[in-house]
>>> print(open('protein_22.txt').read())   # compact mmCIF, C-alpha atoms
# COMPACT_ATOMS: atom_id res chain seq x y z
CA MET A 284 0.34 -0.93 -6.37
CA ARG A 285 0.17 -4.10 -4.32
CA HIS A 286 0.60 -4.79 -0.63
CA VAL A 287 4.17 -5.11 0.67
CA ASP A 288 4.40 -7.01 3.95
CA MET A 289 7.04 -5.35 6.13
CA SER A 290 6.17 -7.28 9.29
CA GLY A 291 9.23 -9.53 9.03
CA LEU A 292 11.76 -6.70 8.86
CA THR A 293 14.06 -6.15 11.82
CA THR A 294 16.43 -3.28 12.53
CA PRO A 295 20.11 -4.32 12.40
CA PRO A 296 21.58 -3.47 15.85
CA ALA A 297 24.87 -2.13 14.48
CA TRP A 298 23.04 0.06 11.99
CA ALA A 299 20.67 1.38 14.67
CA ALA A 300 23.61 2.27 16.89
CA LYS A 301 25.24 4.16 14.03
CA THR A 302 22.17 6.35 13.52
CA VAL A 303 21.95 7.49 17.16
CA PRO A 304 24.67 10.19 16.93
CA THR A 305 23.11 11.58 13.76
CA LEU A 306 19.68 11.88 15.34
CA ASP A 307 21.26 13.43 18.44
CA ALA A 308 22.89 16.03 16.19
CA VAL A 309 19.51 16.74 14.56
CA LEU A 310 17.96 17.28 17.99
CA ALA A 311 20.80 19.60 19.00
CA ALA A 312 20.37 21.63 15.80
CA MET A 313 16.66 22.00 16.46
CA ALA A 314 17.36 23.14 20.02
CA SER A 315 19.80 25.80 18.80
CA ASN A 316 17.62 26.73 15.81
CA THR A 317 20.40 25.89 13.36
CA LYS A 318 20.31 23.89 10.14
CA ARG A 319 19.75 20.17 10.53
CA ALA A 320 21.72 17.56 8.58
CA PHE A 321 20.45 14.01 8.07
CA THR A 322 23.11 11.47 7.15
CA ASP A 323 21.63 9.10 4.58
CA HIS A 324 22.03 5.88 6.55
CA TRP A 325 18.91 4.55 4.82
CA THR A 326 21.02 3.90 1.72
CA ASP A 327 23.21 1.41 3.62
CA GLU A 328 22.99 -2.07 2.18
CA GLU A 329 22.01 -3.71 5.48
CA VAL A 330 18.78 -1.70 5.32
CA ARG A 331 18.15 -1.24 1.61
CA GLY A 332 18.91 -4.88 0.80
CA PRO A 333 16.13 -6.36 2.97
CA LEU A 334 13.69 -3.75 1.62
CA LEU A 335 14.50 -4.70 -1.97
CA ALA A 336 14.20 -8.39 -1.14
CA LEU A 337 10.51 -8.00 -0.25
CA VAL A 338 9.21 -7.49 -3.82
CA GLY A 339 12.34 -7.17 -5.93
CA GLN A 340 13.91 -4.09 -7.46
CA LYS A 341 10.75 -2.21 -8.34
CA CYS A 342 8.97 0.89 -7.09
CA TRP A 343 6.42 0.11 -4.38
CA TYR A 344 4.13 2.88 -5.62
CA CYS A 345 3.95 2.48 -9.42
CA GLU A 346 5.51 -1.04 -9.60
CA THR A 347 7.92 -0.03 -12.35
CA THR A 348 11.17 -2.00 -12.36
CA ILE A 349 14.08 0.26 -11.43
CA GLN A 350 16.83 -0.31 -14.00
CA ARG A 351 20.07 1.58 -14.57
CA ALA A 352 19.09 4.10 -11.90
CA ASP A 353 19.65 4.61 -8.21
CA VAL A 354 17.10 2.98 -5.95
CA THR A 355 15.49 5.61 -3.74
CA VAL A 356 14.54 4.79 -0.18
CA ASP A 357 11.58 7.08 0.39
CA HIS A 358 10.42 8.27 3.81
CA PHE A 359 6.66 7.70 3.72
CA ARG A 360 6.27 10.35 6.39
CA PRO A 361 8.77 13.00 5.22
CA LYS A 362 11.67 13.60 7.58
CA SER A 363 12.55 17.28 6.99
CA GLU A 364 9.29 19.15 6.34
CA VAL A 365 5.65 18.66 5.42
CA LEU A 366 4.59 20.63 2.35
CA GLY A 367 1.57 22.81 3.06
CA GLU A 368 2.05 22.58 6.84
CA PRO A 369 3.91 25.79 7.87
CA GLY A 370 6.16 25.38 10.87
CA HIS A 371 6.19 21.59 10.75
CA HIS A 372 9.75 20.26 11.00
CA GLY A 373 8.86 16.95 9.40
CA TYR A 374 8.73 13.55 11.06
CA TRP A 375 12.40 13.83 12.00
CA TRP A 376 12.09 11.19 14.72
CA LEU A 377 11.21 8.63 12.00
CA ALA A 378 14.26 9.40 9.85
CA TYR A 379 15.92 6.15 10.91
CA THR A 380 12.86 3.98 11.48
CA ILE A 381 12.71 1.15 8.95
CA ASP A 382 8.92 0.94 9.12
CA ASN A 383 8.82 4.42 7.55
CA TYR A 384 10.86 3.42 4.48
CA ARG A 385 9.39 2.64 1.05
CA ILE A 386 11.29 1.77 -2.14
CA ALA A 387 10.46 4.39 -4.78
CA CYS A 388 11.48 5.24 -8.33
CA LYS A 389 12.70 8.73 -9.24
CA HIS A 390 9.40 9.70 -10.85
CA CYS A 391 7.27 8.83 -7.82
CA ASN A 392 9.72 10.33 -5.34
CA SER A 393 10.87 13.50 -7.08
CA GLY A 394 8.96 13.90 -10.36
CA GLY A 395 9.83 13.95 -14.03
CA ALA A 396 7.06 11.70 -15.38
CA ARG A 397 5.36 12.91 -18.56
CA PHE A 398 1.87 12.70 -20.07
CA ASP A 399 1.60 13.09 -23.86
CA GLY A 400 4.94 14.89 -23.89
CA MET A 401 4.04 17.29 -21.06
CA ARG A 402 5.50 17.20 -17.57
CA GLU A 403 3.10 15.38 -15.28
CA GLY A 404 2.75 14.78 -11.58
CA ARG A 405 3.94 16.69 -8.56
CA ALA A 406 5.74 13.65 -7.05
CA LYS A 407 5.60 12.67 -3.42
CA GLY A 408 8.65 14.50 -2.12
CA SER A 409 7.71 16.14 1.19
CA ARG A 410 3.98 15.84 0.52
CA PHE A 411 2.01 14.05 3.21
CA PRO A 412 -1.56 15.37 3.20
CA LEU A 413 -4.01 14.05 5.76
CA LEU A 414 -7.59 13.07 5.11
CA ALA A 415 -8.56 13.20 8.77
CA GLY A 416 -7.15 13.03 12.28
CA PRO A 417 -4.68 15.25 14.13
CA ARG A 418 -1.24 15.53 12.57
CA ALA A 419 1.71 14.34 14.62
CA TRP A 420 4.16 17.15 15.30
CA ARG A 421 6.44 15.51 17.83
CA ARG A 422 7.73 12.12 18.88
CA ARG A 423 5.11 11.53 21.58
CA ASP A 424 2.13 12.16 19.25
CA ASP A 425 0.09 9.14 18.17
CA LEU A 426 0.71 8.34 14.49
CA ALA A 427 -2.23 5.93 14.48
CA LEU A 428 -4.62 8.89 14.68
CA GLU A 429 -3.46 10.21 11.31
CA GLN A 430 -5.43 9.20 8.22
CA PRO A 431 -3.14 9.84 5.23
CA VAL A 432 -4.50 10.76 1.81
CA LEU A 433 -1.77 8.91 -0.09
CA LEU A 434 -2.28 5.18 -0.45
CA ASP A 435 0.43 3.24 1.37
CA PRO A 436 1.68 0.01 -0.24
CA ALA A 437 2.71 -1.22 3.22
CA ARG A 438 -0.74 -0.70 4.75
CA MET A 439 -3.16 -3.59 4.45
CA GLY A 440 -6.21 -2.61 2.41
CA ASP A 441 -4.77 0.50 0.76
CA PRO A 442 -3.61 -1.15 -2.51
CA GLU A 443 -7.11 -2.65 -2.96
CA LEU A 444 -8.47 0.89 -3.42
CA LEU A 445 -6.57 1.17 -6.70
CA GLY A 446 -7.92 -0.53 -9.83
CA PHE A 447 -7.20 -0.46 -13.57
CA ASP A 448 -9.33 -0.13 -16.68
CA ALA A 449 -8.78 -2.03 -19.93
CA ALA A 450 -6.74 0.84 -21.37
CA GLY A 451 -4.15 0.47 -18.62
CA TYR A 452 -5.18 3.53 -16.64
CA ALA A 453 -5.12 3.42 -12.85
CA ARG A 454 -8.53 4.23 -11.39
CA ARG A 455 -10.44 3.96 -8.14
CA SER A 456 -11.58 0.39 -7.58
CA HIS A 457 -15.21 -0.45 -6.73
CA MET A 458 -14.44 -0.28 -3.02
CA PRO A 459 -16.82 2.14 -1.26
CA TYR A 460 -15.55 5.50 -0.10
CA SER A 461 -14.68 5.85 3.56
CA LYS A 462 -16.58 8.22 5.82
CA ALA A 463 -13.58 10.55 5.90
CA GLU A 464 -13.39 10.64 2.09
CA ALA A 465 -17.08 11.51 1.86
CA GLN A 466 -16.73 14.25 4.46
CA ARG A 467 -13.65 15.78 2.78
CA ARG A 468 -14.95 15.20 -0.78
CA VAL A 469 -11.59 13.63 -1.63
CA CYS A 470 -10.82 10.26 -3.23
CA ARG A 471 -7.58 8.78 -1.89
CA ALA A 472 -6.95 6.74 -5.05
CA ASP A 473 -7.47 9.73 -7.36
CA GLU A 474 -5.15 11.89 -5.28
CA THR A 475 -2.48 9.18 -5.23
CA ILE A 476 -2.74 8.84 -9.01
CA ARG A 477 -2.44 12.61 -9.39
CA ILE A 478 0.50 13.19 -7.05
CA LEU A 479 2.53 10.17 -8.18
CA ALA A 480 1.59 10.49 -11.89
CA LEU A 481 0.53 6.85 -11.99
CA ASN A 482 -1.04 7.43 -15.42
CA ALA A 483 2.04 8.88 -17.08
CA THR A 484 2.15 8.05 -20.79
CA GLN A 485 4.96 5.51 -20.80
CA ILE A 486 3.72 3.47 -17.87
CA THR A 487 0.09 3.51 -19.06
CA ASP A 488 0.97 2.28 -22.55
CA GLN A 489 3.05 -0.57 -21.17
CA ARG A 490 0.45 -1.51 -18.57
CA ARG A 491 -2.16 -1.73 -21.33
CA ASN A 492 0.08 -4.01 -23.39
CA LEU A 493 0.68 -6.22 -20.36
CA MET A 494 -3.04 -6.46 -19.56
CA THR A 495 -3.79 -7.35 -23.18
CA GLU A 496 -1.13 -10.05 -23.08
CA ILE A 497 -2.59 -11.50 -19.87
CA ALA A 498 -6.07 -11.50 -21.43
CA VAL A 499 -4.79 -13.45 -24.44
CA LEU A 500 -2.86 -15.94 -22.31
CA ALA A 501 -5.86 -16.51 -20.03
CA GLN A 502 -7.99 -17.50 -23.02
CA VAL A 503 -5.62 -20.22 -24.21
CA PRO A 504 -7.61 -23.48 -24.00
CA GLY A 505 -6.54 -26.03 -21.44
CA ASP A 506 -4.15 -25.65 -18.57
CA LEU A 507 -0.88 -25.77 -20.45
CA PRO A 508 1.96 -25.67 -17.88
CA SER A 509 4.00 -23.34 -20.07
CA VAL A 510 1.14 -20.84 -20.34
CA GLN A 511 0.36 -21.01 -16.63
CA ALA A 512 4.03 -20.50 -15.80
CA LEU A 513 4.14 -17.43 -18.06
CA ILE A 514 1.05 -15.99 -16.41
CA ALA A 515 2.53 -16.64 -12.98
CA SER A 516 5.74 -14.86 -13.94
CA LYS A 517 3.76 -11.74 -14.87
CA THR A 518 1.37 -11.72 -11.91
CA GLY A 519 3.78 -12.62 -9.09
CA PRO A 520 4.70 -10.06 -6.41
CA THR A 521 8.11 -9.26 -7.90
CA ALA A 522 6.81 -8.77 -11.45
CA GLN A 523 6.59 -5.30 -12.97
CA TRP A 524 3.02 -3.86 -12.85
CA SER A 525 1.74 -7.12 -11.40
CA ALA A 526 -1.30 -5.43 -9.81
CA ALA A 527 -2.56 -4.47 -13.28
CA ALA A 528 -1.74 -7.96 -14.58
CA ASN A 529 -3.73 -9.53 -11.75
CA ALA A 530 -6.64 -7.17 -12.46
CA ALA A 531 -6.69 -8.31 -16.10
CA LEU A 532 -6.50 -11.96 -15.04
CA ALA A 533 -9.37 -11.49 -12.57
CA VAL A 534 -11.58 -10.05 -15.34
CA GLN A 535 -10.86 -13.01 -17.61
CA ARG A 536 -11.60 -15.52 -14.88
CA ALA A 537 -14.80 -13.74 -13.89
CA CYS A 538 -16.02 -13.83 -17.49
CA ALA A 539 -14.95 -17.42 -18.17
CA PRO A 540 -17.95 -19.81 -18.37
CA THR A 541 -18.15 -22.89 -16.19
CA ARG A 542 -20.44 -25.89 -16.39
CA ASP A 543 -22.90 -24.36 -13.97
CA GLN A 544 -22.40 -20.71 -14.84
CA PRO A 545 -23.37 -19.13 -18.19
CA VAL A 546 -21.29 -16.42 -19.81
CA PRO A 547 -22.35 -13.09 -18.28
CA SER A 548 -24.02 -10.63 -20.61
CA THR A 549 -22.41 -7.35 -21.63
CA ALA A 550 -24.83 -5.50 -19.37
CA GLN A 551 -23.89 -7.69 -16.42
CA ARG A 552 -20.18 -7.24 -17.01
CA SER A 553 -20.41 -3.46 -17.29
CA ALA A 554 -22.89 -2.90 -14.48
CA THR A 555 -21.65 -0.57 -11.78
CA PRO A 556 -22.44 -1.07 -8.13
CA VAL A 557 -25.19 0.98 -6.53
CA ILE A 558 -23.69 4.16 -5.07
CA ALA A 559 -24.95 5.37 -1.71
CA PRO A 560 -26.27 8.99 -1.77
CA GLU A 561 -23.45 10.38 0.35
CA HIS A 562 -20.92 9.30 -2.27
CA SER A 563 -22.01 12.17 -4.50
CA THR A 564 -19.87 14.33 -2.21
CA VAL A 565 -16.81 12.59 -3.71
CA ASP A 566 -17.74 11.88 -7.35
CA VAL A 567 -20.63 12.92 -9.62
CA ARG A 568 -22.08 9.53 -10.55
CA ASP A 569 -25.30 10.19 -8.62
CA LEU A 570 -25.84 13.47 -10.47
CA LEU A 571 -25.76 12.16 -14.05
CA GLN A 572 -29.47 11.31 -13.96
CA TYR A 573 -30.30 15.01 -13.55
CA LEU A 574 -28.42 16.06 -16.69
CA ASP A 575 -29.70 16.06 -20.25
CA PRO A 576 -28.63 12.72 -21.81
CA ALA A 577 -27.85 14.28 -25.20
CA GLU A 578 -25.71 17.02 -23.69
CA LEU A 579 -23.96 14.52 -21.43
CA ALA A 580 -23.21 12.21 -24.35
CA ALA A 581 -21.49 15.09 -26.13
CA GLY A 582 -19.63 16.13 -22.97
CA ILE A 583 -20.73 18.97 -20.72
CA ALA A 584 -18.34 21.91 -20.58
CA LEU A 585 -16.99 22.87 -17.16
CA THR A 586 -15.08 25.99 -16.21
CA GLY A 587 -12.93 26.67 -13.17
CA ARG A 588 -11.29 29.90 -12.07
CA TYR A 589 -8.20 30.20 -9.90
CA ASN A 590 -5.75 33.06 -9.41
CA ASN A 591 -7.40 35.10 -12.18
CA LYS A 592 -6.99 32.27 -14.66
CA GLU A 593 -9.68 30.15 -16.30
CA TYR A 594 -9.38 26.37 -16.64
CA PRO A 595 -11.56 24.25 -18.97
CA GLY A 596 -12.84 20.77 -18.26
CA VAL A 597 -15.39 18.35 -19.70
CA LEU A 598 -17.81 16.15 -17.78
CA ARG A 599 -18.05 12.84 -19.63
CA PRO A 600 -20.92 10.32 -19.74
CA ASP A 601 -18.96 7.92 -17.51
CA SER A 602 -18.90 10.65 -14.78
CA ARG A 603 -15.18 11.32 -15.17
CA ILE A 604 -13.84 14.82 -15.80
CA SER A 605 -11.39 15.40 -18.64
CA VAL A 606 -8.70 18.03 -18.08
CA TRP A 607 -6.21 18.49 -20.92
CA ASN A 608 -7.16 14.99 -22.17
CA ARG A 609 -6.50 13.46 -18.76
CA LEU A 610 -9.39 11.69 -17.05
CA TRP A 611 -10.18 12.09 -13.35
CA GLY A 612 -12.80 10.28 -11.33
CA THR A 613 -13.54 13.13 -8.93
CA PRO A 614 -14.01 16.91 -9.23
CA THR A 615 -11.41 17.69 -6.58
CA SER A 616 -8.55 15.75 -8.16
CA ALA A 617 -9.50 17.14 -11.59
CA ALA A 618 -9.35 20.69 -10.21
CA ARG A 619 -6.02 20.08 -8.51
CA ALA A 620 -4.58 18.52 -11.66
CA ALA A 621 -5.72 21.55 -13.68
CA THR A 622 -4.32 24.20 -11.34
CA GLY A 623 -1.39 22.46 -9.67
CA SER A 624 -2.81 23.34 -6.25
CA ASP A 625 -3.08 20.68 -3.53
CA ASP A 626 -5.85 22.47 -1.64
CA ILE A 627 -8.71 23.25 -4.05
CA ASP A 628 -12.17 21.76 -3.51
CA GLY A 629 -13.35 20.74 -6.98
CA TRP A 630 -17.04 20.96 -6.09
CA ASP A 631 -16.75 24.70 -5.56
CA PHE A 632 -14.15 25.14 -8.31
CA TRP A 633 -15.95 23.60 -11.29
CA ARG A 634 -18.97 25.40 -12.74
CA LEU A 635 -21.45 24.30 -15.42
CA THR A 636 -24.29 26.05 -17.19
CA ILE A 637 -27.76 24.46 -17.10
CA ALA A 638 -30.70 26.26 -18.80
CA SER A 639 -28.56 29.40 -19.12
CA VAL A 640 -27.82 29.41 -15.40
CA GLU A 641 -24.19 29.04 -14.32
CA GLN A 642 -23.69 27.18 -11.06
CA SER A 643 -21.00 25.25 -9.24
CA LEU A 644 -21.12 21.49 -8.97
CA ALA A 645 -21.75 21.95 -5.25
CA GLU A 646 -24.78 24.13 -5.98
CA PHE A 647 -26.05 21.65 -8.58
CA ARG A 648 -25.70 18.79 -6.11
CA ALA A 649 -27.45 20.72 -3.33
CA ALA A 650 -30.38 21.42 -5.66
CA HIS A 651 -30.94 17.74 -6.45
CA ILE A 652 -29.74 15.65 -3.50
CA THR A 653 -30.93 16.06 0.07
CA PRO A 654 -27.99 15.62 2.45
CA ASP A 655 -28.22 12.86 5.04
CA PRO A 656 -29.16 13.99 8.56
CA PRO A 657 -26.26 14.23 11.04
CA ALA A 658 -25.33 10.91 12.65
>>> encode(input="protein_22.txt", output="structure tokens")
Amino acid sequence: MRHVDMSGLTTPPAWAAKTVPTLDAVLAAMASNTKRAFTDHWTDEEVRGPLLALVGQKCWYCETTIQRADVTVDHFRPKSEVLGEPGHHGYWWLAYTIDNYRIACKHCNSGGARFDGMREGRAKGSRFPLLAGPRAWRRRDDLALEQPVLLDPARMGDPELLGFDAAGYARRSHMPYSKAEAQRRVCRADETIRILALNATQITDQRRNLMTEIAVLAQVPGDLPSVQALIASKTGPTAQWSAAANAALAVQRACAPTRDQPVPSTAQRSATPVIAPEHSTVDVRDLLQYLDPAELAAGIALTGRYNNKEYPGVLRPDSRISVWNRLWGTPTSAARAATGSDDIDGWDFWRLTIASVEQSLAEFRAAHITPDPPA
């Protein structure tokens, strides 16, 4: 995911006029408590064309080029309903607001992505969970007060929260967690990866190949114009998976020696930033020091229970949790990936056994880390 600047978009007057009767009909249906019908004016070329021109014909969420398939214009704030919010009629007043449109592929918008042959990802659809702030229910409510969970490619700063490892997997970047994330024990990047299936098998394999190719090209001696042009073609805003390509290029440049800078050691390159104590409410990195190193190296078994069913997980030495061979950076996203629920708190869900005593991750954290005093 990379930032898409929508500031230059304008609403075509003729198109806007055409949408007025449709929205009036929606309002009338709501007043009479009858079924609403949204005419799909967002597929009109005078709107979809300028959206596609911003970064080319690729999904704004996963950056996959959309070929031989219909281009979906997604409503970032869903127009008809909000899943998990009973009684909410959706952000109907934004149905014909261009600022609310995002170009999406079928997998990100409606599902179908697969991981190791199994169906993966819930897809965005009518999901629009909030991290904090009051939800807008009507036209006069202030949208700026909402803090969405899903990363928004059109919001400055959101794409920077998403990073990539050398294997091509999307992960949380080294950006610190926000106060709202720490309070809710939710990582926005992890939840975006989970809901949109950004680590589906096909896309991950191809991202890894692209990152490897960039690494090789970046190590070619000299500044050959042909090599630089090839790199530019793969890292530019319209290129497929260009955020991952840029991440690979940044690693190579950071590790490249200069006259005044020696090659960094392996320890320096792999060092992780110091994590503030409150961040243990989102991931488990701060807790690894309290676990037996030998047991952690082998992987510590975790168990979660939900709706009379038991779900296995493994806490790995890198602090990630493996669920059905999928890696998650936070307990909550791992629990939600295991169960398919969007509401579970992974700290209460996952349990581990230490010295023959079974306890939740929340209980283990409380026993070892003193919470910060209220601000």
>>> closest_residue(input="protein_22.txt", among="A:Arg285, A:Lys362, A:Arg536, A:Lys301", to="Phe411 in chain A", atoms="all atoms listed in the file")
A:Lys362
>>> residues_near_point(input="protein_22.txt", point="(-6.2, 6.8, -15.5)", cutoff="7 Å", atoms="only C-alpha atoms", output="PyMOL selection string")
chain A and resi 452-454+482+610-611
>>> atom_distance(input="protein_22.txt", atom1="CA of Glu496 in chain A", atom2="CA of Cys345 in chain A")
19.2 Å
>>> residues_around(input="protein_22.txt", residues="Ala308 in chain A", least_positions_apart="2", cutoff="12 Å", atoms="only C-alpha atoms", output="list in words")
Thr302, Val303, Pro304, Thr305, Leu306, Leu310, Ala311, Ala312, Met313, Ala314, Ser315, Asn316, Thr317, Lys318, Arg319, Ala320, Phe321, Thr322, Trp375 and Trp376 of chain A
>>> closest_residue(input="protein_22.txt", among="A:His457, A:Arg490, A:Arg648, A:Arg599", to="Asp569 in chain A", atoms="all atoms listed in the file")
A:Arg648
>>> closest_residue(input="protein_22.txt", among="A:Ser409, A:Asp441, A:Asp357, A:Met458", to="Gly373 in chain A", atoms="only C-alpha atoms")
A:Ser409
>>> closest_residue(input="protein_22.txt", among="A:Tyr379, A:Phe447, A:Trp325, A:Phe632", to="Gly596 in chain A", atoms="only C-alpha atoms")
A:Phe632
>>> residues_around(input="protein_22.txt", residues="Ile604 in chain A", least_positions_apart="3", cutoff="10 Å", atoms="all atoms listed in the file", output="ChimeraX atom specification")
/A:566-567,582-585,596-601,607-618
>>> closest_residue(input="protein_22.txt", among="A:Ser456, A:Thr521, A:Thr495, A:Asn383", to="Leu337 in chain A", atoms="all atoms listed in the file")
A:Thr521
>>> closest_residue(input="protein_22.txt", among="A:Leu414, A:Ala515, A:Ala580, A:Ala450", to="Thr484 in chain A", atoms="only C-alpha atoms")
A:Ala450
>>> residues_around(input="protein_22.txt", residues="Val356 in chain A", least_positions_apart="4", cutoff="8 Å", atoms="all atoms listed in the file", output="number ranges by chain")
A: 325-326, 331, 384-387
>>> write_last_selection(input="protein_22.txt", atoms="C-alpha atoms", output="PDB file, keeping the file's coordinate frame")
ATOM      1  CA  TRP A 325      18.910   4.550   4.820  1.00  0.00           C
ATOM      2  CA  THR A 326      21.020   3.900   1.720  1.00  0.00           C
ATOM      3  CA  ARG A 331      18.150  -1.240   1.610  1.00  0.00           C
ATOM      4  CA  TYR A 384      10.860   3.420   4.480  1.00  0.00           C
ATOM      5  CA  ARG A 385       9.390   2.640   1.050  1.00  0.00           C
ATOM      6  CA  ILE A 386      11.290   1.770  -2.140  1.00  0.00           C
ATOM      7  CA  ALA A 387      10.460   4.390  -4.780  1.00  0.00           C
TER       8      ALA A 387
END
>>> residues_around(input="protein_22.txt", residues="Ala463 in chain A", least_positions_apart="2", cutoff="12 Å", atoms="only C-alpha atoms", output="number ranges by chain")
A: 413-416, 429-432, 459-461, 465-471, 561-562, 564-565
>>> atom_distance(input="protein_22.txt", atom1="CA of Glu329 in chain A", atom2="CA of Thr380 in chain A")
13.4 Å
